[in-house]
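Peer 1: Hey, dropping my_file_15.cif in here, mmCIF, C-alpha atoms:
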```
data_my_file
loop_
_atom_site.group_PDB
_atom_site.id
_atom_site.type_symbol
_atom_site.label_atom_id
_atom_site.label_comp_id
_atom_site.auth_asym_id
_atom_site.auth_seq_id
_atom_site.Cartn_x
_atom_site.Cartn_y
_atom_site.Cartn_z
ATOM 1 C CA MET A 44 -23.358 -120.473 16.657
ATOM 2 C CA GLN A 45 -23.813 -117.162 18.467
ATOM 3 C CA VAL A 46 -27.582 -116.625 18.471
ATOM 4 C CA ASP A 47 -28.993 -116.142 21.975
ATOM 5 C CA LEU A 48 -31.707 -118.796 22.246
ATOM 6 C CA GLY A 49 -32.285 -117.695 25.838
ATOM 7 C CA LYS A 50 -34.402 -114.843 24.483
ATOM 8 C CA LEU A 51 -36.579 -117.354 22.664
ATOM 9 C CA GLY A 52 -36.802 -119.382 25.884
ATOM 10 C CA THR A 53 -38.032 -116.280 27.705
ATOM 11 C CA ALA A 54 -40.668 -115.741 25.019
ATOM 12 C CA VAL A 55 -41.829 -119.339 25.493
ATOM 13 C CA SER A 56 -42.225 -118.755 29.250
ATOM 14 C CA ASP A 57 -44.104 -115.506 28.682
ATOM 15 C CA TRP A 58 -46.517 -117.160 26.259
ATOM 16 C CA LYS A 59 -47.075 -120.040 28.689
ATOM 17 C CA LYS A 60 -48.183 -117.496 31.304
ATOM 18 C CA ALA A 61 -50.449 -115.841 28.742
ATOM 19 C CA VAL A 62 -52.024 -119.219 27.920
ATOM 20 C CA ASP A 63 -52.712 -119.953 31.594
ATOM 21 C CA ASN A 64 -54.185 -116.501 32.210
ATOM 22 C CA LEU A 65 -56.363 -116.624 29.106
ATOM 23 C CA LYS A 66 -57.583 -120.091 30.097
ATOM 24 C CA GLN A 67 -58.852 -118.628 33.348
ATOM 25 C CA LEU A 68 -60.501 -115.716 31.523
ATOM 26 C CA GLU A 69 -62.117 -118.147 29.090
ATOM 27 C CA THR A 70 -63.496 -120.178 31.993
ATOM 28 C CA ASP A 71 -64.793 -117.053 33.737
ATOM 29 C CA ALA A 72 -66.450 -115.826 30.540
ATOM 30 C CA ARG A 73 -68.035 -119.192 29.763
ATOM 31 C CA ASP A 74 -69.141 -120.236 33.249
ATOM 32 C CA GLY A 75 -69.844 -116.752 34.537
ATOM 33 C CA LEU A 76 -70.714 -114.145 31.967
ATOM 34 C CA LYS A 77 -72.242 -116.379 29.298
ATOM 35 C CA LYS A 78 -74.086 -118.666 31.708
ATOM 36 C CA LYS A 79 -75.696 -115.707 33.458
ATOM 37 C CA SER A 80 -76.606 -114.217 30.085
ATOM 38 C CA ASP A 81 -78.185 -117.479 28.906
ATOM 39 C CA HIS A 82 -80.365 -117.677 32.022
ATOM 40 C CA ALA A 83 -81.259 -113.993 32.164
ATOM 41 C CA ARG A 84 -84.788 -112.912 31.302
ATOM 42 C CA TRP A 85 -83.956 -110.288 28.721
ATOM 43 C CA GLU A 86 -86.739 -108.168 27.352
ATOM 44 C CA GLY A 87 -87.066 -105.869 24.359
ATOM 45 C CA VAL A 88 -83.847 -105.026 22.474
ATOM 46 C CA ASN A 89 -81.742 -106.703 25.162
ATOM 47 C CA ALA A 90 -83.293 -110.060 24.341
ATOM 48 C CA GLY A 91 -81.290 -110.201 21.107
ATOM 49 C CA VAL A 92 -78.545 -107.590 21.096
ATOM 50 C CA THR A 93 -77.113 -108.071 24.585
ATOM 51 C CA ARG A 94 -77.145 -111.869 24.545
ATOM 52 C CA GLU A 95 -75.502 -111.916 21.103
ATOM 53 C CA PHE A 96 -72.820 -109.507 22.309
ATOM 54 C CA VAL A 97 -72.103 -111.605 25.405
ATOM 55 C CA ASN A 98 -71.906 -114.811 23.342
ATOM 56 C CA LYS A 99 -69.526 -113.190 20.875
ATOM 57 C CA THR A 100 -67.344 -111.836 23.690
ATOM 58 C CA ALA A 101 -67.170 -115.244 25.392
ATOM 59 C CA LYS A 102 -66.208 -116.886 22.094
ATOM 60 C CA GLU A 103 -63.445 -114.330 21.575
ATOM 61 C CA PHE A 104 -61.890 -115.273 24.917
ATOM 62 C CA ALA A 105 -61.891 -118.903 23.785
ATOM 63 C CA ASP A 106 -60.331 -117.934 20.453
ATOM 64 C CA LEU A 107 -57.683 -115.833 22.206
ATOM 65 C CA HIS A 108 -56.776 -118.769 24.413
ATOM 66 C CA ALA A 109 -56.524 -121.100 21.400
ATOM 67 C CA GLU A 110 -54.372 -118.600 19.510
ATOM 68 C CA ALA A 111 -52.031 -118.020 22.452
ATOM 69 C CA ASN A 112 -51.701 -121.766 23.016
ATOM 70 C CA GLY A 113 -50.823 -122.304 19.347
ATOM 71 C CA ILE A 114 -48.135 -119.634 19.539
ATOM 72 C CA TYR A 115 -46.757 -121.131 22.748
ATOM 73 C CA GLN A 116 -46.659 -124.685 21.348
ATOM 74 C CA VAL A 117 -44.940 -123.605 18.116
ATOM 75 C CA LEU A 118 -42.339 -121.474 19.904
ATOM 76 C CA ASP A 119 -41.708 -124.165 22.514
ATOM 77 C CA ASP A 120 -41.030 -126.797 19.851
ATOM 78 C CA ALA A 121 -38.853 -124.417 17.835
ATOM 79 C CA HIS A 122 -36.837 -123.494 20.921
ATOM 80 C CA ARG A 123 -36.185 -127.116 21.894
ATOM 81 C CA GLU A 124 -35.217 -128.174 18.380
ATOM 82 C CA LEU A 125 -32.975 -125.157 17.782
ATOM 83 C CA GLU A 126 -31.168 -125.779 21.071
ATOM 84 C CA VAL A 127 -30.342 -129.330 19.958
ATOM 85 C CA LEU A 128 -29.134 -128.153 16.544
ATOM 86 C CA GLN A 129 -27.048 -125.334 18.001
ATOM 87 C CA LYS A 130 -25.370 -127.764 20.394
ATOM 88 C CA ARG A 131 -24.561 -130.118 17.511
ATOM 89 C CA VAL A 132 -23.067 -127.314 15.402
ATOM 90 C CA ARG A 133 -20.956 -126.067 18.301
ATOM 91 C CA THR A 134 -19.746 -129.595 19.093
ATOM 92 C CA LEU A 135 -18.850 -130.399 15.480
ATOM 93 C CA THR A 136 -17.105 -127.054 15.051
ATOM 94 C CA GLN A 137 -15.035 -127.571 18.186
ATOM 95 C CA GLU A 138 -14.103 -131.105 17.125
ATOM 96 C CA ALA A 139 -12.901 -129.783 13.781
ATOM 97 C CA LYS A 140 -10.870 -127.024 15.457
ATOM 98 C CA ASP A 141 -9.319 -129.525 17.878
ATOM 99 C CA LYS A 142 -8.020 -131.417 14.855
ATOM 100 C CA GLY A 143 -6.392 -128.281 13.522
ATOM 101 C CA TYR A 144 -9.018 -127.451 10.928
ATOM 102 C CA THR A 145 -10.549 -124.056 10.245
ATOM 103 C CA VAL A 146 -14.327 -123.828 9.900
ATOM 104 C CA ARG A 147 -15.219 -121.041 7.490
ATOM 105 C CA ASP A 148 -18.662 -119.504 7.047
ATOM 106 C CA ASN A 149 -19.324 -119.199 3.314
ATOM 107 C CA GLY A 150 -22.066 -116.621 3.876
ATOM 108 C CA ASP A 151 -24.769 -118.637 2.108
ATOM 109 C CA GLY A 152 -25.806 -121.076 4.819
ATOM 110 C CA THR A 153 -22.924 -123.454 4.122
ATOM 111 C CA VAL A 154 -19.486 -123.879 5.661
ATOM 112 C CA SER A 155 -16.097 -125.051 4.460
ATOM 113 C CA VAL A 156 -13.592 -126.872 6.618
ATOM 114 C CA ASP A 157 -10.015 -126.043 5.656
ATOM 115 C CA ALA A 158 -6.701 -127.487 6.746
ATOM 116 C CA HIS A 159 -3.393 -125.710 7.230
ATOM 117 C CA VAL A 160 -1.253 -127.023 4.370
ATOM 118 C CA MET A 161 2.102 -125.988 2.998
ATOM 119 C CA PRO A 162 2.030 -123.670 -0.032
ATOM 120 C CA GLY A 163 2.252 -125.570 -3.299
ATOM 121 C CA THR A 164 0.855 -128.792 -1.843
ATOM 122 C CA ASP A 165 -1.175 -130.830 -4.332
ATOM 123 C CA PRO A 166 -4.828 -131.134 -3.144
ATOM 124 C CA LYS A 167 -4.640 -134.819 -4.091
ATOM 125 C CA ASP A 168 -2.096 -135.308 -1.320
ATOM 126 C CA ASP A 169 -4.557 -134.057 1.314
ATOM 127 C CA LYS A 170 -5.192 -137.213 3.332
ATOM 128 C CA ASN A 171 -7.817 -135.521 5.489
ATOM 129 C CA LEU A 172 -9.970 -134.214 2.646
ATOM 130 C CA GLN A 173 -12.796 -136.716 3.202
ATOM 131 C CA GLU A 174 -12.873 -136.128 6.946
ATOM 132 C CA ARG A 175 -13.036 -132.360 6.490
ATOM 133 C CA GLN A 176 -15.818 -132.757 3.952
ATOM 134 C CA ARG A 177 -17.793 -134.855 6.427
ATOM 135 C CA TYR A 178 -17.489 -132.087 9.003
ATOM 136 C CA ALA A 179 -18.528 -129.485 6.447
ATOM 137 C CA ASP A 180 -21.539 -131.523 5.303
ATOM 138 C CA SER A 181 -22.661 -132.266 8.877
ATOM 139 C CA ILE A 182 -22.429 -128.660 10.024
ATOM 140 C CA THR A 183 -24.120 -127.384 6.863
ATOM 141 C CA GLY A 184 -26.902 -129.956 7.251
ATOM 142 C CA ASN A 185 -27.647 -128.856 10.801
ATOM 143 C CA ILE A 186 -27.675 -125.200 9.760
ATOM 144 C CA ALA A 187 -30.095 -126.016 6.941
ATOM 145 C CA HIS A 188 -32.343 -127.857 9.396
ATOM 146 C CA ALA A 189 -32.323 -124.829 11.690
ATOM 147 C CA ASN A 190 -33.311 -122.683 8.714
ATOM 148 C CA ASP A 191 -36.199 -125.060 7.997
ATOM 149 C CA ILE A 192 -37.438 -124.608 11.580
ATOM 150 C CA ASP A 193 -37.074 -120.835 11.299
ATOM 151 C CA ILE A 194 -39.108 -120.663 8.086
ATOM 152 C CA SER A 195 -41.791 -123.051 9.364
ATOM 153 C CA THR A 196 -42.115 -121.165 12.650
ATOM 154 C CA LYS A 197 -42.483 -117.835 10.888
ATOM 155 C CA LEU A 198 -45.248 -119.190 8.644
ATOM 156 C CA ALA A 199 -47.054 -120.848 11.564
ATOM 157 C CA LEU A 200 -46.989 -117.671 13.657
ATOM 158 C CA SER A 201 -48.256 -115.623 10.727
ATOM 159 C CA ARG A 202 -51.172 -117.990 10.163
ATOM 160 C CA THR A 203 -51.990 -118.167 13.854
ATOM 161 C CA HIS A 204 -52.167 -114.389 14.135
ATOM 162 C CA GLY A 205 -53.980 -113.912 10.840
ATOM 163 C CA ASN A 206 -52.935 -110.229 10.570
ATOM 164 C CA ASP A 207 -56.159 -109.259 12.329
ATOM 165 C CA PRO A 208 -55.690 -107.474 15.697
ATOM 166 C CA TYR A 209 -59.433 -107.545 16.448
ATOM 167 C CA ASN A 210 -60.260 -111.176 15.754
ATOM 168 C CA ALA A 211 -58.420 -114.228 17.091
ATOM 169 C CA GLY A 212 -58.510 -117.953 16.428
ATOM 170 C CA HIS A 213 -57.372 -118.100 12.793
ATOM 171 C CA ALA A 214 -55.280 -121.268 13.096
ATOM 172 C CA LYS A 215 -54.847 -123.732 15.948
ATOM 173 C CA TYR A 216 -51.651 -125.745 16.308
ATOM 174 C CA GLY A 217 -50.728 -128.247 18.986
ATOM 175 C CA SER A 218 -47.099 -128.281 17.868
ATOM 176 C CA LEU A 219 -44.717 -127.011 15.203
ATOM 177 C CA ASN A 220 -45.097 -130.439 13.608
ATOM 178 C CA ASP A 221 -48.835 -129.797 13.106
ATOM 179 C CA ALA A 222 -48.063 -126.583 11.251
ATOM 180 C CA GLN A 223 -45.440 -128.282 9.080
ATOM 181 C CA VAL A 224 -47.769 -131.153 8.190
ATOM 182 C CA GLU A 225 -50.507 -128.673 7.300
ATOM 183 C CA ARG A 226 -48.142 -126.809 4.993
ATOM 184 C CA VAL A 227 -46.676 -129.878 3.272
ATOM 185 C CA LEU A 228 -50.171 -131.243 2.552
ATOM 186 C CA GLU A 229 -51.279 -127.859 1.275
ATOM 187 C CA LEU A 230 -48.405 -127.955 -1.205
ATOM 188 C CA ALA A 231 -48.921 -131.613 -2.113
ATOM 189 C CA ASN A 232 -52.588 -130.986 -2.932
ATOM 190 C CA LYS A 233 -51.459 -128.676 -5.734
ATOM 191 C CA ARG A 234 -49.750 -131.659 -7.361
ATOM 192 C CA GLU A 235 -48.367 -130.731 -10.800
ATOM 193 C CA ASP A 236 -49.577 -127.149 -10.373
ATOM 194 C CA MET A 237 -46.828 -126.543 -7.822
ATOM 195 C CA THR A 238 -44.256 -124.017 -8.903
ATOM 196 C CA ASP A 239 -40.568 -124.981 -8.795
ATOM 197 C CA ARG A 240 -40.237 -122.882 -5.653
ATOM 198 C CA GLU A 241 -43.153 -124.642 -3.981
ATOM 199 C CA LEU A 242 -41.758 -128.045 -4.942
ATOM 200 C CA ALA A 243 -38.448 -127.052 -3.377
ATOM 201 C CA GLU A 244 -40.315 -126.038 -0.204
ATOM 202 C CA LEU A 245 -42.143 -129.373 -0.105
ATOM 203 C CA ASN A 246 -38.836 -131.218 -0.534
ATOM 204 C CA ARG A 247 -37.290 -129.166 2.265
ATOM 205 C CA LEU A 248 -40.103 -130.063 4.653
ATOM 206 C CA LEU A 249 -39.877 -133.765 3.771
ATOM 207 C CA ARG A 250 -36.096 -133.777 3.976
ATOM 208 C CA TYR A 251 -35.828 -132.357 7.488
ATOM 209 C CA ASN A 252 -38.972 -133.816 9.022
ATOM 210 C CA GLY A 253 -39.708 -137.051 7.186
ATOM 211 C CA ARG A 254 -36.959 -138.977 8.985
ATOM 212 C CA GLU A 255 -37.636 -137.781 12.532
ATOM 213 C CA LYS A 256 -37.242 -140.677 14.959
ATOM 214 C CA ASP A 257 -40.823 -140.678 16.256
ATOM 215 C CA GLY A 258 -42.240 -140.993 12.720
ATOM 216 C CA GLU A 259 -45.036 -138.550 13.531
ATOM 217 C CA PHE A 260 -44.551 -136.143 10.628
ATOM 218 C CA ALA A 261 -44.061 -138.927 8.068
ATOM 219 C CA THR A 262 -47.119 -140.827 9.283
ATOM 220 C CA GLU A 263 -49.397 -137.777 9.269
ATOM 221 C CA PHE A 264 -48.116 -136.784 5.828
ATOM 222 C CA PHE A 265 -49.067 -140.075 4.189
ATOM 223 C CA GLN A 266 -52.343 -140.235 6.100
ATOM 224 C CA GLY A 267 -53.079 -136.718 4.882
ATOM 225 C CA LEU A 268 -52.490 -137.760 1.280
ATOM 226 C CA GLY A 269 -55.304 -140.256 1.740
ATOM 227 C CA GLY A 270 -53.623 -143.648 1.534
ATOM 228 C CA PRO A 271 -51.483 -145.819 -0.790
ATOM 229 C CA ARG A 272 -53.530 -145.156 -3.950
ATOM 230 C CA GLN A 273 -53.591 -141.396 -3.441
ATOM 231 C CA THR A 274 -49.875 -141.403 -2.652
ATOM 232 C CA LEU A 275 -49.095 -143.192 -5.917
ATOM 233 C CA GLU A 276 -51.380 -140.841 -7.836
ATOM 234 C CA PHE A 277 -49.644 -137.840 -6.296
ATOM 235 C CA TYR A 278 -46.159 -139.067 -7.109
ATOM 236 C CA GLY A 279 -47.232 -140.273 -10.566
ATOM 237 C CA ALA A 280 -48.606 -136.842 -11.449
ATOM 238 C CA LEU A 281 -45.366 -135.155 -10.361
ATOM 239 C CA SER A 282 -43.222 -137.723 -12.190
ATOM 240 C CA ILE A 283 -45.056 -137.189 -15.476
ATOM 241 C CA ASP A 284 -44.833 -133.442 -15.028
ATOM 242 C CA GLY A 285 -41.106 -133.586 -14.213
ATOM 243 C CA THR A 286 -40.165 -135.807 -17.145
ATOM 244 C CA SER A 287 -42.280 -134.235 -19.857
ATOM 245 C CA GLU A 288 -40.602 -132.813 -22.966
ATOM 246 C CA ASP A 289 -40.972 -129.219 -21.784
ATOM 247 C CA ALA A 290 -39.828 -129.915 -18.213
ATOM 248 C CA THR A 291 -36.821 -127.892 -17.086
ATOM 249 C CA LYS A 292 -33.731 -129.334 -15.421
ATOM 250 C CA THR A 293 -34.818 -127.644 -12.213
ATOM 251 C CA ARG A 294 -38.166 -129.424 -12.357
ATOM 252 C CA LEU A 295 -36.598 -132.792 -13.076
ATOM 253 C CA ALA A 296 -34.145 -132.372 -10.198
ATOM 254 C CA GLY A 297 -37.010 -131.390 -7.895
ATOM 255 C CA VAL A 298 -38.987 -134.524 -8.795
ATOM 256 C CA GLN A 299 -35.908 -136.695 -8.277
ATOM 257 C CA ASP A 300 -35.430 -135.152 -4.830
ATOM 258 C CA LEU A 301 -39.117 -135.769 -4.102
ATOM 259 C CA GLN A 302 -38.691 -139.459 -4.907
ATOM 260 C CA LYS A 303 -35.760 -139.704 -2.491
ATOM 261 C CA TYR A 304 -37.346 -137.822 0.404
ATOM 262 C CA MET A 305 -40.724 -139.533 0.024
ATOM 263 C CA GLY A 306 -38.926 -142.871 0.090
ATOM 264 C CA HIS A 307 -37.154 -141.962 3.331
ATOM 265 C CA ALA A 308 -40.395 -140.709 4.868
ATOM 266 C CA LEU A 309 -42.340 -143.836 3.834
ATOM 267 C CA ALA A 310 -39.700 -146.110 5.343
ATOM 268 C CA ASN A 311 -39.937 -144.132 8.562
ATOM 269 C CA ALA A 312 -43.734 -144.065 8.592
ATOM 270 C CA THR A 313 -44.006 -147.843 8.147
ATOM 271 C CA ASP A 314 -41.331 -148.747 10.721
ATOM 272 C CA PRO A 315 -43.122 -150.135 13.805
ATOM 273 C CA TYR A 316 -39.974 -149.647 15.873
ATOM 274 C CA THR A 317 -39.776 -145.867 15.591
ATOM 275 C CA SER A 318 -39.015 -144.007 18.811
ATOM 276 C CA GLN A 319 -41.800 -142.718 21.000
ATOM 277 C CA SER A 320 -43.179 -139.281 20.189
ATOM 278 C CA VAL A 321 -43.417 -136.493 22.742
ATOM 279 C CA ARG A 322 -46.943 -137.764 23.481
ATOM 280 C CA GLY A 323 -45.510 -141.132 24.530
ATOM 281 C CA ASP A 324 -46.918 -143.129 21.601
ATOM 282 C CA ARG A 325 -45.343 -144.529 18.443
ATOM 283 C CA GLN A 326 -46.474 -143.064 15.153
ATOM 284 C CA HIS A 327 -46.398 -145.365 12.123
ATOM 285 C CA LEU A 328 -48.537 -146.635 9.294
ATOM 286 C CA LYS A 329 -49.745 -150.192 9.517
ATOM 287 C CA VAL A 330 -48.827 -152.287 6.513
ATOM 288 C CA SER A 331 -51.456 -154.920 5.736
#
```
Could I get this file's structure written as structure tokens?
Peer 2:
Amino acid sequence: MQVDLGKLGTAVSDWKKAVDNLKQLETDARDGLKKKSDHARWEGVNAGVTREFVNKTAKEFADLHAEANGIYQVLDDAHRELEVLQKRVRTLTQEAKDKGYTVRDNGDGTVSVDAHVMPGTDPKDDKNLQERQRYADSITGNIAHANDIDISTKLALSRTHGNDPYNAGHAKYGSLNDAQVERVLELANKREDMTDRELAELNRLLRYNGREKDGEFATEFFQGLGGPRQTLEFYGALSIDGTSEDATKTRLAGVQDLQKYMGHALANATDPYTSQSVRGDRQHLKVS
């Protein structure tokens, strides 16, 4: 509710400037420094050492540009999506307050919506219980989605940087969606070797991204699995693992959630009438 997303917007603008500046440096290094080096008549030690150094330096400018662009794209997407979610939460909260309800932060990422009732009133007599629960569920859902974006952004930035201040170009992302698809496929490839925590992470990514209107995430997820046969093999392996005699209740619940979220994502991915993506196209799987 209160987070200042303007600071994130400023960071996006700063990184956009960095991308533009590094693009110019990359061009200068490639078309100036490297081209002159390639055509120079080096002799002796310079024939190998100097040219190799120039080539490596030129490549580093290209890697720096790619890294900066990945950071910019991820932050830009995160900023836009968080702004939408924050607006929804504020709107829902105000609607609830206008109806005389109190929205209470439970301190664990969820909220409760309470009504002012007379002491001793039987909860069964609360005619607005269902409406208040809908408000609570909607607000909590949007907060959870914001948390998903936060976690995904943090992971994407960490991978882009690579914890190496002297070498750039570790990961290249064109959007936050690219980073999320990469992560969900990385988890899915572990199949039954996923831990309960990793399965929960996979379910979280499918839950909040698999039903996006443009269908991009859902489509790329199923394409990344390899196709219908590989998708069935993946789910079959998890189902057997989740229903085995030694499977825990947590595991079984995780597999049941996977079935639900994969179903939603598949319906979205195969819908030819999904909304246009930010690239202007429609992302969906063709069903033959």
Peer 1: Once you count only C-alpha atoms, which residues end up no further than 10 Å from (-36.3, -130.9, -7.0) in the file's frame, shown as a PyMOL selection string?
Peer 2: chain A and resi 239-247+285+292-303
Peer 1: Atoms to include: C-alpha atoms. Write the selected residues as a PDB file, keeping the file's coordinate frame.
Peer 2:
```
ATOM      1  CA  ASP A 239     -40.568-124.981  -8.795  1.00  0.00           C
ATOM      2  CA  ARG A 240     -40.237-122.882  -5.653  1.00  0.00           C
ATOM      3  CA  GLU A 241     -43.153-124.642  -3.981  1.00  0.00           C
ATOM      4  CA  LEU A 242     -41.758-128.045  -4.942  1.00  0.00           C
ATOM      5  CA  ALA A 243     -38.448-127.052  -3.377  1.00  0.00           C
ATOM      6  CA  GLU A 244     -40.315-126.038  -0.204  1.00  0.00           C
ATOM      7  CA  LEU A 245     -42.143-129.373  -0.105  1.00  0.00           C
ATOM      8  CA  ASN A 246     -38.836-131.218  -0.534  1.00  0.00           C
ATOM      9  CA  ARG A 247     -37.290-129.166   2.265  1.00  0.00           C
ATOM     10  CA  GLY A 285     -41.106-133.586 -14.213  1.00  0.00           C
ATOM     11  CA  LYS A 292     -33.731-129.334 -15.421  1.00  0.00           C
ATOM     12  CA  THR A 293     -34.818-127.644 -12.213  1.00  0.00           C
ATOM     13  CA  ARG A 294     -38.166-129.424 -12.357  1.00  0.00           C
ATOM     14  CA  LEU A 295     -36.598-132.792 -13.076  1.00  0.00           C
ATOM     15  CA  ALA A 296     -34.145-132.372 -10.198  1.00  0.00           C
ATOM     16  CA  GLY A 297     -37.010-131.390  -7.895  1.00  0.00           C
ATOM     17  CA  VAL A 298     -38.987-134.524  -8.795  1.00  0.00           C
ATOM     18  CA  GLN A 299     -35.908-136.695  -8.277  1.00  0.00           C
ATOM     19  CA  ASP A 300     -35.430-135.152  -4.830  1.00  0.00           C
ATOM     20  CA  LEU A 301     -39.117-135.769  -4.102  1.00  0.00           C
ATOM     21  CA  GLN A 302     -38.691-139.459  -4.907  1.00  0.00           C
ATOM     22  CA  LYS A 303     -35.760-139.704  -2.491  1.00  0.00           C
TER      23      LYS A 303
END
```
Peer 1: Can you translate the PyMOL selection byres ((chain A and resi 55) around 12) into the concrete residues it hits in this file, as a PDB file with C-alpha atoms, in the frame of the given file?
Peer 2:
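Dumped to result_12.pdb:
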```
ATOM      1  CA  LEU A  48     -31.707-118.796  22.246  1.00  0.00           C
ATOM      2  CA  GLY A  49     -32.285-117.695  25.838  1.00  0.00           C
ATOM      3  CA  LYS A  50     -34.402-114.843  24.483  1.00  0.00           C
ATOM      4  CA  LEU A  51     -36.579-117.354  22.664  1.00  0.00           C
ATOM      5  CA  GLY A  52     -36.802-119.382  25.884  1.00  0.00           C
ATOM      6  CA  THR A  53     -38.032-116.280  27.705  1.00  0.00           C
ATOM      7  CA  ALA A  54     -40.668-115.741  25.019  1.00  0.00           C
ATOM      8  CA  SER A  56     -42.225-118.755  29.250  1.00  0.00           C
ATOM      9  CA  ASP A  57     -44.104-115.506  28.682  1.00  0.00           C
ATOM     10  CA  TRP A  58     -46.517-117.160  26.259  1.00  0.00           C
ATOM     11  CA  LYS A  59     -47.075-120.040  28.689  1.00  0.00           C
ATOM     12  CA  LYS A  60     -48.183-117.496  31.304  1.00  0.00           C
ATOM     13  CA  ALA A  61     -50.449-115.841  28.742  1.00  0.00           C
ATOM     14  CA  VAL A  62     -52.024-119.219  27.920  1.00  0.00           C
ATOM     15  CA  ALA A 111     -52.031-118.020  22.452  1.00  0.00           C
ATOM     16  CA  ASN A 112     -51.701-121.766  23.016  1.00  0.00           C
ATOM     17  CA  GLY A 113     -50.823-122.304  19.347  1.00  0.00           C
ATOM     18  CA  ILE A 114     -48.135-119.634  19.539  1.00  0.00           C
ATOM     19  CA  TYR A 115     -46.757-121.131  22.748  1.00  0.00           C
ATOM     20  CA  GLN A 116     -46.659-124.685  21.348  1.00  0.00           C
ATOM     21  CA  VAL A 117     -44.940-123.605  18.116  1.00  0.00           C
ATOM     22  CA  LEU A 118     -42.339-121.474  19.904  1.00  0.00           C
ATOM     23  CA  ASP A 119     -41.708-124.165  22.514  1.00  0.00           C
ATOM     24  CA  ASP A 120     -41.030-126.797  19.851  1.00  0.00           C
ATOM     25  CA  ALA A 121     -38.853-124.417  17.835  1.00  0.00           C
ATOM     26  CA  HIS A 122     -36.837-123.494  20.921  1.00  0.00           C
ATOM     27  CA  ARG A 123     -36.185-127.116  21.894  1.00  0.00           C
TER      28      ARG A 123
END
```
Peer 1: What's around A:Arg254 at 7 Å? Count only C-alpha atoms, leave out sequence neighbours fewer than 2 positions away in its own chain, and write the answer as a ChimeraX atom specification.
Peer 2: /A:251-252,256,258,307-308,311
Peer 1: Would you translate the PyMOL selection byres ((chain A and resi 211-224) around 7) into the concrete set of residues it matches in this file, as a VMD selection string?
Peer 2: chain A and resid 103 106 to 107 109 to 110 113 116 to 117 120 to 121 195 to 196 199 202 to 205 209 to 210 225 to 228 260 263 to 264
Peer 1: Applied to this file, what does the PyMOL selection byres ((chain A and resi 72) around 9) return in terms of residues, put as a list in words?
Peer 2: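 When the PyMOL selection byres ((chain A and resi 72) around 9) is applied to the shown file, the picked residues are Gln67, Leu68, Glu69, Thr70, Asp71, Arg73, Asp74, Gly75, Leu76, Lys77, Lys78, Val97, Thr100, Ala101, Lys102, Phe104 and Ala105 of chain A.
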Peer 1: Those same residues, written as a PDB file, in the frame of the given file with C-alpha atoms?
Peer 2:
```
ATOM      1  CA  GLN A  67     -58.852-118.628  33.348  1.00  0.00           C
ATOM      2  CA  LEU A  68     -60.501-115.716  31.523  1.00  0.00           C
ATOM      3  CA  GLU A  69     -62.117-118.147  29.090  1.00  0.00           C
ATOM      4  CA  THR A  70     -63.496-120.178  31.993  1.00  0.00           C
ATOM      5  CA  ASP A  71     -64.793-117.053  33.737  1.00  0.00           C
ATOM      6  CA  ARG A  73     -68.035-119.192  29.763  1.00  0.00           C
ATOM      7  CA  ASP A  74     -69.141-120.236  33.249  1.00  0.00           C
ATOM      8  CA  GLY A  75     -69.844-116.752  34.537  1.00  0.00           C
ATOM      9  CA  LEU A  76     -70.714-114.145  31.967  1.00  0.00           C
ATOM     10  CA  LYS A  77     -72.242-116.379  29.298  1.00  0.00           C
ATOM     11  CA  LYS A  78     -74.086-118.666  31.708  1.00  0.00           C
ATOM     12  CA  VAL A  97     -72.103-111.605  25.405  1.00  0.00           C
ATOM     13  CA  THR A 100     -67.344-111.836  23.690  1.00  0.00           C
ATOM     14  CA  ALA A 101     -67.170-115.244  25.392  1.00  0.00           C
ATOM     15  CA  LYS A 102     -66.208-116.886  22.094  1.00  0.00           C
ATOM     16  CA  PHE A 104     -61.890-115.273  24.917  1.00  0.00           C
ATOM     17  CA  ALA A 105     -61.891-118.903  23.785  1.00  0.00           C
TER      18      ALA A 105
END
```
Peer 1: May I ask for the distance between atom CA of A:Asp236 and atom CA of A:Lys197, given in Å to one decimal place?
Peer 2: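 Answer for the atom CA of A:Asp236 to atom CA of A:Lys197 separation: 24.3 Å.
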Peer 1: Kindly indicate which residue among A:Thr238, A:Thr134, A:Ser201, A:Asn171 lies nearest to A:Asn185, using only C-alpha atoms for the distances.
Peer 2: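 That would be A:Thr134, the residue with the smallest distance to A:Asn185.
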Peer 1: One decimal, in Å: what's the spacing between atom CA of A:Tyr304 and atom CA of A:Gln266?
Peer 2: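 Answer for the atom CA of A:Tyr304 to atom CA of A:Gln266 separation: 16.2 Å.
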Peer 1: Give me, please, the distance in Å between atom CA of A:Ile283 and atom CA of A:Arg234, quoted to one decimal.
Peer 2: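 Separation between atom CA of A:Ile283 and atom CA of A:Arg234: 10.9 Å.
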Peer 1: When you count all atoms listed in the file, which of these residues is closest to A:Leu125: A:Ala139, A:Ala231, A:Met44, A:Leu309?
Peer 2: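 Closest candidate: A:Met44.
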Peer 1: Go through A:Leu268, A:Met305, A:Leu275, A:Ala158 and flag the residue nearest A:Lys170, using only C-alpha atoms for the distances.
Peer 2: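 Among the listed residues, the smallest separation from A:Lys170 belongs to A:Ala158.
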